[in-house]
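Here the structure comes first, spelled out in structure tokens, and everything after it is commentary.
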Amino acid sequence: MTDMEKKTGQSGQDRIAHDRQDGGNDPANKPDWAAGLRRLYDSVVEEPLPDSFKDLLSKLDDTGQ
Amino acid sequence: MSGGSPGEASEFKRELTAVIPHLRAFARGLCGRPDLADDLVQETMLKAWSARDRFQPGTSMRAWTFVILRNAYLTEMRRNRFRGEYDENVAERILTAPAGQEEPLHLADMHRALMQLPPERREALLLVGAGGFSYEEAAEICGCAVGTIKSRVGRARAALNAMLEEGNIPHRSSSDDEAHGAILGELDEITSGRGKA
């Protein structure tokens, strides 16, 4: 869409699963909650997808809206 | 709508499908309620699908859809949909998490601490500290200056550090009952604190 999205493009996607940076936080001095925050986020990412999402995805196919 | 071949549409759908778990995680961190978070994600998916012609293949689907999700969230916030119900219902929602999806309690602690942050700081911390976006990417998603994001993340970190130092987040209890009691007690405090403020 814009330059902004081009910039955010690959790097953001490549980092989805691994090798995240903590935005400049000093890794040697990382508080406990920093890992907790990641785990909290990851715990949702790893949840099985509810059926409602599969239903919605199949609707996108059908309607082609 | 300007075309888009069936192949492009299916590639778009594949990428959209791949980011759903991240949309759910971001949404839950933003609004704190699993059911409303999933509503937001579904709304986001529909909006993204309608706007798919505007997505540039090769750019980050996650960043693109996060912007849509964020806008949907802010719209709901302005309608007061979350704020009015949050205090009353969040305890119940934590306690009625579907079987097999229960978080270990330390994650519940983390969740509660996160929800005590002002929304702008929580959002910035989620993007940078959990979502793995750079400050620059987070600033682009939020439509604000990089310095603003840095400031929000810094304040969010300081607040979480302070909560931990002051022991404001209840520690894990030996039994679930005690733990749930601690959660409810904490929520009461939050509720009454907000009432005064």
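Chain labels run A, B, ... following the order of the structure tokens; each chain numbers its residues from 1, and ligands are numbered from 1 in the order shown.
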
Find the residues around Val19 in chain B up to 12 Å (only C-alpha atoms counted), leave out those fewer than 2 positions away in its own chain, and share them as a ChimeraX atom specification. /A:12-13,16-17,45-46,49,53 /B:12-17,21-26,41,44-45,48,60-66,69,131

Please produce a file of the residues just selected, as a JSON list (two decimals), in the first residue's frame, where the atoms kept are C-alpha atoms.
```
[["chain", "number", "residue", "atom", "x", "y", "z"],
["A", 12, "GLY", "CA", 7.89, -8.26, 10.43],
["A", 13, "GLN", "CA", 6.82, -11.46, 8.81],
["A", 16, "ILE", "CA", 6.69, -14.03, 13.46],
["A", 17, "ALA", "CA", 7.90, -17.37, 14.66],
["A", 45, "VAL", "CA", -0.94, -18.01, 19.25],
["A", 46, "GLU", "CA", -0.61, -21.72, 19.98],
["A", 49, "LEU", "CA", -8.27, -22.27, 16.16],
["A", 53, "PHE", "CA", -12.81, -19.11, 12.41],
["B", 12, "PHE", "CA", -4.35, -13.71, 0.25],
["B", 13, "LYS", "CA", -6.58, -16.10, 2.13],
["B", 14, "ARG", "CA", -3.66, -18.37, 2.91],
["B", 15, "GLU", "CA", -1.70, -15.48, 4.39],
["B", 16, "LEU", "CA", -4.73, -14.20, 6.24],
["B", 17, "THR", "CA", -5.28, -17.64, 7.73],
["B", 21, "PRO", "CA", -3.37, -16.80, 15.73],
["B", 22, "HIS", "CA", -1.37, -13.57, 15.98],
["B", 23, "LEU", "CA", -4.49, -11.46, 15.55],
["B", 24, "ARG", "CA", -6.11, -13.41, 18.37],
["B", 25, "ALA", "CA", -3.12, -12.89, 20.64],
["B", 26, "PHE", "CA", -2.91, -9.18, 19.90],
["B", 41, "VAL", "CA", -10.51, -10.77, 14.94],
["B", 44, "THR", "CA", -10.83, -7.78, 11.14],
["B", 45, "MET", "CA", -10.83, -10.79, 8.83],
["B", 48, "ALA", "CA", -9.26, -7.40, 5.45],
["B", 60, "SER", "CA", 3.64, -8.02, 6.00],
["B", 61, "MET", "CA", 0.13, -9.41, 6.32],
["B", 62, "ARG", "CA", 0.57, -9.31, 10.06],
["B", 63, "ALA", "CA", 1.36, -5.58, 10.18],
["B", 64, "TRP", "CA", -1.41, -4.82, 7.69],
["B", 65, "THR", "CA", -4.09, -6.74, 9.57],
["B", 66, "PHE", "CA", -2.90, -5.41, 12.93],
["B", 69, "LEU", "CA", -7.63, -4.83, 14.11],
["B", 131, "GLY", "CA", 4.64, -9.31, 18.95]]
```

Should the cut-off be 7 Å, what would the residue list for chain B against chain A look like, counting only C-alpha atoms, as JSON, numbers by chain? {"B": [21, 22, 24, 25, 50, 54, 55, 56, 58, 59, 60, 62, 63, 107, 110, 128, 129, 130, 132, 133, 134, 135, 137, 140]}

Could you turn the residues from that selection into a file that holds C-alpha atoms, as an mmCIF file, in the first residue's frame?
```cif
data_model
loop_
_atom_site.group_PDB
_atom_site.id
_atom_site.type_symbol
_atom_site.label_atom_id
_atom_site.label_comp_id
_atom_site.auth_asym_id
_atom_site.auth_seq_id
_atom_site.Cartn_x
_atom_site.Cartn_y
_atom_site.Cartn_z
ATOM 1 C CA PRO B 21 -3.370 -16.801 15.732
ATOM 2 C CA HIS B 22 -1.375 -13.569 15.981
ATOM 3 C CA ARG B 24 -6.113 -13.405 18.366
ATOM 4 C CA ALA B 25 -3.120 -12.888 20.639
ATOM 5 C CA SER B 50 -13.112 -6.752 1.617
ATOM 6 C CA ARG B 54 -5.327 -2.822 -1.194
ATOM 7 C CA PHE B 55 -2.905 -5.340 0.248
ATOM 8 C CA GLN B 56 0.453 -5.381 -1.461
ATOM 9 C CA GLY B 58 5.082 -9.376 -0.372
ATOM 10 C CA THR B 59 4.445 -6.963 2.473
ATOM 11 C CA SER B 60 3.640 -8.020 5.997
ATOM 12 C CA ARG B 62 0.568 -9.309 10.060
ATOM 13 C CA ALA B 63 1.357 -5.583 10.180
ATOM 14 C CA LEU B 107 0.362 -16.211 32.850
ATOM 15 C CA MET B 110 0.903 -11.488 33.673
ATOM 16 C CA VAL B 128 7.232 -4.564 20.734
ATOM 17 C CA GLY B 129 7.594 -6.859 23.719
ATOM 18 C CA ALA B 130 5.278 -9.675 22.660
ATOM 19 C CA GLY B 132 8.308 -8.788 18.145
ATOM 20 C CA PHE B 133 7.811 -5.644 16.075
ATOM 21 C CA SER B 134 10.536 -3.043 15.996
ATOM 22 C CA TYR B 135 9.826 0.399 17.443
ATOM 23 C CA GLU B 137 7.098 -0.978 12.835
ATOM 24 C CA GLU B 140 3.737 2.688 11.792
#
```

Let me make sure I understand: among B:Glu136, B:Asp53, B:Glu76, B:Asp38, which one has the smallest atom-to-atom distance to Ala9 in chain B if we use only C-alpha atoms?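 Using only C-alpha atoms, the shortest distance to Ala9 in chain B belongs to B:Asp53.
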